Amino acid sequence: SSGINAEWPLRPGKTIAEALPFMAEVNNYTTSNGTTLEKSSLVRDLGVNMSEDLSWSPHINLMVDQANQIASWVLGVFKDRTKPVMMQLYKSLIRSRAEYCCPLWNPTKIADIHAIESIQRNFTRRISGMKIMNYWDRLKELNLSSLQRRRERYMIIHVWKILHGV
């Protein structure tokens, strides 16, 4: 077919303006069948949000809010605060949300980095026997790395895979 989907790799319902928010000259686009596609200020694709100014802050803020909501749910539902139970819940439900697709949206703004790290900082404080320890001591005791360190590791692995064609 000669429609827009034949020329651009867009999913149904996706617009050119959504696919290319960084193109300032694209305000409206009319397809061959006369449908007008409007510019979007925020694009969500595969669970990752990107703003028209190419900032990842909206995605990071949403992800932090969702991870904190899940943490609140876990802390409200599960009364057992022992290390094994809390670590299993944290790693499977919360940290996985906070790290999804992180090589793509790896933050550079200090405020974003601190917001992401606050997820782990606040959750680990609620584990039995951890409240009086500082964050770095809690990480050592729980055998965890900071979320920033884990993202750096993922980036190194990702680049290695690209360089080695894996």
# chains A, B, ... in the order shown; residues from 1 in each chain; ligands from 1
call {"tool": "select_by_dssp", "arguments": {"residues": "region 3-165 of chain A", "states": "strand (DSSP E)", "output": "ChimeraX atom specification"}}
result
/A:28-30,36-38,42-45,48-51
call {"tool": "write_last_selection", "arguments": {"atoms": "N, CA, C and O atoms", "output": "short mmCIF file (atom, residue, chain, number, x, y, z; two decimals), in the first residue's frame"}}
result
data_model
loop_
_atom_site.label_atom_id
_atom_site.label_comp_id
_atom_site.auth_asym_id
_atom_site.auth_seq_id
_atom_site.Cartn_x
_atom_site.Cartn_y
_atom_site.Cartn_z
N ASN A 28 1.79 19.77 11.81
CA ASN A 28 0.70 18.91 11.40
C ASN A 28 1.15 18.18 10.14
O ASN A 28 1.95 18.69 9.36
N TYR A 29 0.62 17.00 9.95
CA TYR A 29 0.97 16.21 8.77
C TYR A 29 -0.32 15.62 8.25
O TYR A 29 -1.12 15.09 9.02
N THR A 30 -0.52 15.71 6.96
CA THR A 30 -1.71 15.15 6.35
C THR A 30 -1.31 13.92 5.55
O THR A 30 -0.42 13.96 4.71
N THR A 36 -5.42 14.29 9.17
CA THR A 36 -4.42 15.20 9.71
C THR A 36 -3.89 14.64 11.03
O THR A 36 -4.67 14.32 11.93
N LEU A 37 -2.59 14.53 11.12
CA LEU A 37 -1.93 14.05 12.33
C LEU A 37 -1.33 15.25 13.05
O LEU A 37 -0.60 16.04 12.45
N GLU A 38 -1.63 15.38 14.33
CA GLU A 38 -1.17 16.52 15.09
C GLU A 38 0.09 16.20 15.88
O GLU A 38 0.33 15.05 16.24
N LEU A 42 4.42 14.55 24.14
CA LEU A 42 4.99 13.40 24.86
C LEU A 42 4.61 12.13 24.11
O LEU A 42 3.45 11.93 23.77
N VAL A 43 5.60 11.31 23.85
CA VAL A 43 5.38 10.07 23.12
C VAL A 43 5.68 8.90 24.04
O VAL A 43 6.70 8.88 24.72
N ARG A 44 4.79 7.91 24.06
CA ARG A 44 5.00 6.70 24.84
C ARG A 44 5.11 5.54 23.87
O ARG A 44 4.20 5.29 23.08
N ASP A 45 6.23 4.85 23.92
CA ASP A 45 6.43 3.70 23.06
C ASP A 45 7.17 2.63 23.86
O ASP A 45 8.20 2.93 24.47
N VAL A 48 8.14 3.51 27.44
CA VAL A 48 9.09 4.58 27.71
C VAL A 48 8.52 5.87 27.12
O VAL A 48 8.07 5.90 25.98
N ASN A 49 8.53 6.94 27.92
CA ASN A 49 8.02 8.24 27.49
C ASN A 49 9.17 9.15 27.08
O ASN A 49 10.19 9.21 27.75
N MET A 50 8.96 9.88 25.98
CA MET A 50 9.96 10.85 25.54
C MET A 50 9.25 12.16 25.24
O MET A 50 8.22 12.17 24.56
N SER A 51 9.80 13.25 25.76
CA SER A 51 9.18 14.55 25.54
C SER A 51 9.70 15.15 24.24
O SER A 51 10.71 14.72 23.69
#
call {"tool": "residues_around", "arguments": {"residues": "Cys101 (chain A)", "least_positions_apart": "6", "cutoff": "12 Å", "atoms": "only C-alpha atoms", "output": "PDB file with N, CA and C atoms, in the first residue's frame"}}
result
ATOM      1  N   ASP A  45       6.228   4.849  23.918  1.00  0.00           N
ATOM      2  CA  ASP A  45       6.428   3.695  23.063  1.00  0.00           C
ATOM      3  C   ASP A  45       7.173   2.633  23.857  1.00  0.00           C
ATOM      4  N   LEU A  46       6.652   1.414  23.849  1.00  0.00           N
ATOM      5  CA  LEU A  46       7.240   0.296  24.592  1.00  0.00           C
ATOM      6  C   LEU A  46       7.444   0.618  26.065  1.00  0.00           C
ATOM      7  N   GLY A  47       6.539   1.416  26.629  1.00  0.00           N
ATOM      8  CA  GLY A  47       6.598   1.728  28.053  1.00  0.00           C
ATOM      9  C   GLY A  47       7.569   2.827  28.428  1.00  0.00           C
ATOM     10  N   VAL A  48       8.137   3.506  27.442  1.00  0.00           N
ATOM     11  CA  VAL A  48       9.088   4.585  27.709  1.00  0.00           C
ATOM     12  C   VAL A  48       8.515   5.873  27.125  1.00  0.00           C
ATOM     13  N   ASN A  49       8.533   6.938  27.924  1.00  0.00           N
ATOM     14  CA  ASN A  49       8.024   8.240  27.495  1.00  0.00           C
ATOM     15  C   ASN A  49       9.173   9.149  27.078  1.00  0.00           C
ATOM     16  N   TRP A  56      14.260  13.114  29.258  1.00  0.00           N
ATOM     17  CA  TRP A  56      13.729  11.887  29.838  1.00  0.00           C
ATOM     18  C   TRP A  56      13.083  12.157  31.196  1.00  0.00           C
ATOM     19  N   HIS A  59       9.526  10.844  31.781  1.00  0.00           N
ATOM     20  CA  HIS A  59       9.520   9.384  31.947  1.00  0.00           C
ATOM     21  C   HIS A  59      10.032   9.009  33.329  1.00  0.00           C
ATOM     22  N   ILE A  60      11.116   9.625  33.751  1.00  0.00           N
ATOM     23  CA  ILE A  60      11.713   9.309  35.049  1.00  0.00           C
ATOM     24  C   ILE A  60      10.747   9.650  36.176  1.00  0.00           C
ATOM     25  N   MET A  63       8.011   7.056  36.195  1.00  0.00           N
ATOM     26  CA  MET A  63       8.545   5.769  36.653  1.00  0.00           C
ATOM     27  C   MET A  63       8.771   5.779  38.169  1.00  0.00           C
ATOM     28  N   ARG A  95      12.356  -2.799  41.915  1.00  0.00           N
ATOM     29  CA  ARG A  95      13.586  -2.503  41.174  1.00  0.00           C
ATOM     30  C   ARG A  95      13.425  -2.811  39.692  1.00  0.00           C
ATOM     31  N   PRO A 107      19.631   8.736  33.093  1.00  0.00           N
ATOM     32  CA  PRO A 107      19.551  10.166  33.402  1.00  0.00           C
ATOM     33  C   PRO A 107      20.912  10.843  33.495  1.00  0.00           C
ATOM     34  N   ARG A 151      22.865   1.035  36.683  1.00  0.00           N
ATOM     35  CA  ARG A 151      22.657   1.595  35.344  1.00  0.00           C
ATOM     36  C   ARG A 151      23.978   1.744  34.602  1.00  0.00           C
ATOM     37  N   TYR A 154      24.854  -1.642  33.319  1.00  0.00           N
ATOM     38  CA  TYR A 154      24.034  -1.989  32.160  1.00  0.00           C
ATOM     39  C   TYR A 154      24.520  -1.274  30.903  1.00  0.00           C
ATOM     40  N   MET A 155      24.919  -0.019  31.046  1.00  0.00           N
ATOM     41  CA  MET A 155      25.418   0.737  29.898  1.00  0.00           C
ATOM     42  C   MET A 155      26.695   0.102  29.352  1.00  0.00           C
ATOM     43  N   HIS A 158      25.769  -3.065  27.586  1.00  0.00           N
ATOM     44  CA  HIS A 158      25.070  -2.740  26.337  1.00  0.00           C
ATOM     45  C   HIS A 158      26.065  -2.316  25.251  1.00  0.00           C
TER      46      HIS A 158
END
call {"tool": "select_by_dssp", "arguments": {"residues": "chain A", "states": "helix (DSSP H, G or I)", "output": "PyMOL selection string"}}
result
chain A and resi 4-7+16-19+57-77+83-99+102-105+110-125+135-142+147-163
call {"tool": "decode", "arguments": {"residues": "region 92-106 of chain A", "atoms": "all heavy atoms", "output": "tab-separated table (two decimals), in the first residue's frame"}}
result
chain	number	residue	atom	x	y	z
A	92	SER	N	11.80	-8.08	42.69
A	92	SER	CA	10.87	-8.53	41.66
A	92	SER	C	9.83	-7.49	41.26
A	92	SER	O	9.46	-7.41	40.10
A	92	SER	CB	10.18	-9.82	42.10
A	92	SER	OG	9.45	-9.61	43.28
A	93	LEU	N	9.38	-6.68	42.19
A	93	LEU	CA	8.29	-5.75	41.89
A	93	LEU	C	8.73	-4.30	41.71
A	93	LEU	O	8.16	-3.59	40.88
A	93	LEU	CB	7.24	-5.82	43.00
A	93	LEU	CG	6.54	-7.16	43.19
A	93	LEU	CD1	5.62	-7.11	44.40
A	93	LEU	CD2	5.79	-7.55	41.94
A	94	ILE	N	9.70	-3.86	42.47
A	94	ILE	CA	10.02	-2.43	42.49
A	94	ILE	C	11.25	-2.12	41.63
A	94	ILE	O	11.20	-1.29	40.73
A	94	ILE	CB	10.21	-1.95	43.93
A	94	ILE	CG1	8.92	-2.19	44.71
A	94	ILE	CG2	10.60	-0.49	43.97
A	94	ILE	CD1	9.06	-2.22	46.19
A	95	ARG	N	12.36	-2.80	41.91
A	95	ARG	CA	13.59	-2.50	41.17
A	95	ARG	C	13.42	-2.81	39.69
A	95	ARG	O	13.93	-2.07	38.85
A	95	ARG	CB	14.77	-3.27	41.76
A	95	ARG	CG	16.09	-2.85	41.13
A	95	ARG	CD	17.27	-3.44	41.83
A	95	ARG	NE	17.34	-4.88	41.60
A	95	ARG	CZ	18.25	-5.67	42.15
A	95	ARG	NH1	19.15	-5.18	42.98
A	95	ARG	NH2	18.25	-6.96	41.90
A	96	SER	N	12.71	-3.87	39.36
A	96	SER	CA	12.51	-4.19	37.95
A	96	SER	C	11.78	-3.05	37.23
A	96	SER	O	12.10	-2.74	36.08
A	96	SER	CB	11.73	-5.50	37.81
A	96	SER	OG	10.46	-5.39	38.41
A	97	ARG	N	10.85	-2.42	37.89
A	97	ARG	CA	10.14	-1.27	37.31
A	97	ARG	C	11.09	-0.08	37.15
A	97	ARG	O	11.06	0.61	36.14
A	97	ARG	CB	8.97	-0.89	38.22
A	97	ARG	CG	8.36	0.45	37.98
A	97	ARG	CD	7.29	0.49	36.97
A	97	ARG	NE	6.25	-0.49	37.27
A	97	ARG	CZ	5.23	-0.70	36.48
A	97	ARG	NH1	5.10	-0.02	35.38
A	97	ARG	NH2	4.34	-1.61	36.78
A	98	ALA	N	11.94	0.13	38.14
A	98	ALA	CA	12.85	1.28	38.11
A	98	ALA	C	13.96	1.12	37.08
A	98	ALA	O	14.55	2.12	36.67
A	98	ALA	CB	13.45	1.49	39.49
A	99	GLU	N	14.25	-0.10	36.66
A	99	GLU	CA	15.36	-0.31	35.73
A	99	GLU	C	14.93	-0.67	34.32
A	99	GLU	O	15.78	-0.86	33.45
A	99	GLU	CB	16.27	-1.41	36.28
A	99	GLU	CG	16.99	-0.99	37.53
A	99	GLU	CD	17.91	-2.06	38.09
A	99	GLU	OE1	17.67	-3.26	37.84
A	99	GLU	OE2	18.85	-1.68	38.79
A	100	TYR	N	13.64	-0.73	34.07
A	100	TYR	CA	13.17	-1.12	32.75
A	100	TYR	C	13.68	-0.17	31.67
A	100	TYR	O	13.47	1.04	31.75
A	100	TYR	CB	11.64	-1.16	32.73
A	100	TYR	CG	11.07	-1.42	31.35
A	100	TYR	CD1	11.17	-2.69	30.78
A	100	TYR	CD2	10.47	-0.41	30.63
A	100	TYR	CE1	10.67	-2.94	29.52
A	100	TYR	CE2	9.96	-0.65	29.37
A	100	TYR	CZ	10.07	-1.91	28.81
A	100	TYR	OH	9.59	-2.15	27.56
A	101	CYS	N	14.40	-0.69	30.70
A	101	CYS	CA	14.90	0.07	29.55
A	101	CYS	C	15.88	1.17	29.94
A	101	CYS	O	16.03	2.16	29.23
A	101	CYS	CB	13.75	0.68	28.76
A	101	CYS	SG	13.43	-0.13	27.22
A	102	CYS	N	16.56	1.04	31.07
A	102	CYS	CA	17.41	2.13	31.57
A	102	CYS	C	18.58	2.49	30.66
A	102	CYS	O	19.01	3.65	30.69
A	102	CYS	CB	17.87	1.87	33.00
A	102	CYS	SG	18.95	0.47	33.20
A	103	PRO	N	19.14	1.60	29.83
A	103	PRO	CA	20.18	2.10	28.92
A	103	PRO	C	19.66	3.17	27.96
A	103	PRO	O	20.41	4.03	27.52
A	103	PRO	CB	20.62	0.85	28.15
A	103	PRO	CG	20.37	-0.26	29.09
A	103	PRO	CD	19.07	0.13	29.79
A	104	LEU	N	18.38	3.15	27.67
A	104	LEU	CA	17.79	4.14	26.78
A	104	LEU	C	17.63	5.49	27.47
A	104	LEU	O	18.02	6.53	26.93
A	104	LEU	CB	16.44	3.64	26.28
A	104	LEU	CG	15.63	4.60	25.42
A	104	LEU	CD1	16.38	4.90	24.13
A	104	LEU	CD2	14.26	4.01	25.13
A	105	TRP	N	17.07	5.49	28.68
A	105	TRP	CA	16.74	6.75	29.34
A	105	TRP	C	17.70	7.12	30.46
A	105	TRP	O	17.39	7.97	31.29
A	105	TRP	CB	15.30	6.74	29.86
A	105	TRP	CG	14.98	5.60	30.77
A	105	TRP	CD1	14.32	4.47	30.45
A	105	TRP	CD2	15.28	5.48	32.17
A	105	TRP	NE1	14.20	3.64	31.54
A	105	TRP	CE2	14.79	4.25	32.61
A	105	TRP	CE3	15.94	6.30	33.09
A	105	TRP	CZ2	14.92	3.81	33.92
A	105	TRP	CZ3	16.08	5.86	34.39
A	105	TRP	CH2	15.57	4.63	34.79
A	106	ASN	N	18.88	6.57	30.49
A	106	ASN	CA	19.85	6.82	31.56
A	106	ASN	C	19.94	8.32	31.87
A	106	ASN	O	20.29	9.11	30.99
A	106	ASN	CB	21.21	6.27	31.15
A	106	ASN	CG	22.18	6.22	32.30
A	106	ASN	OD1	21.79	6.16	33.46
A	106	ASN	ND2	23.46	6.25	31.98
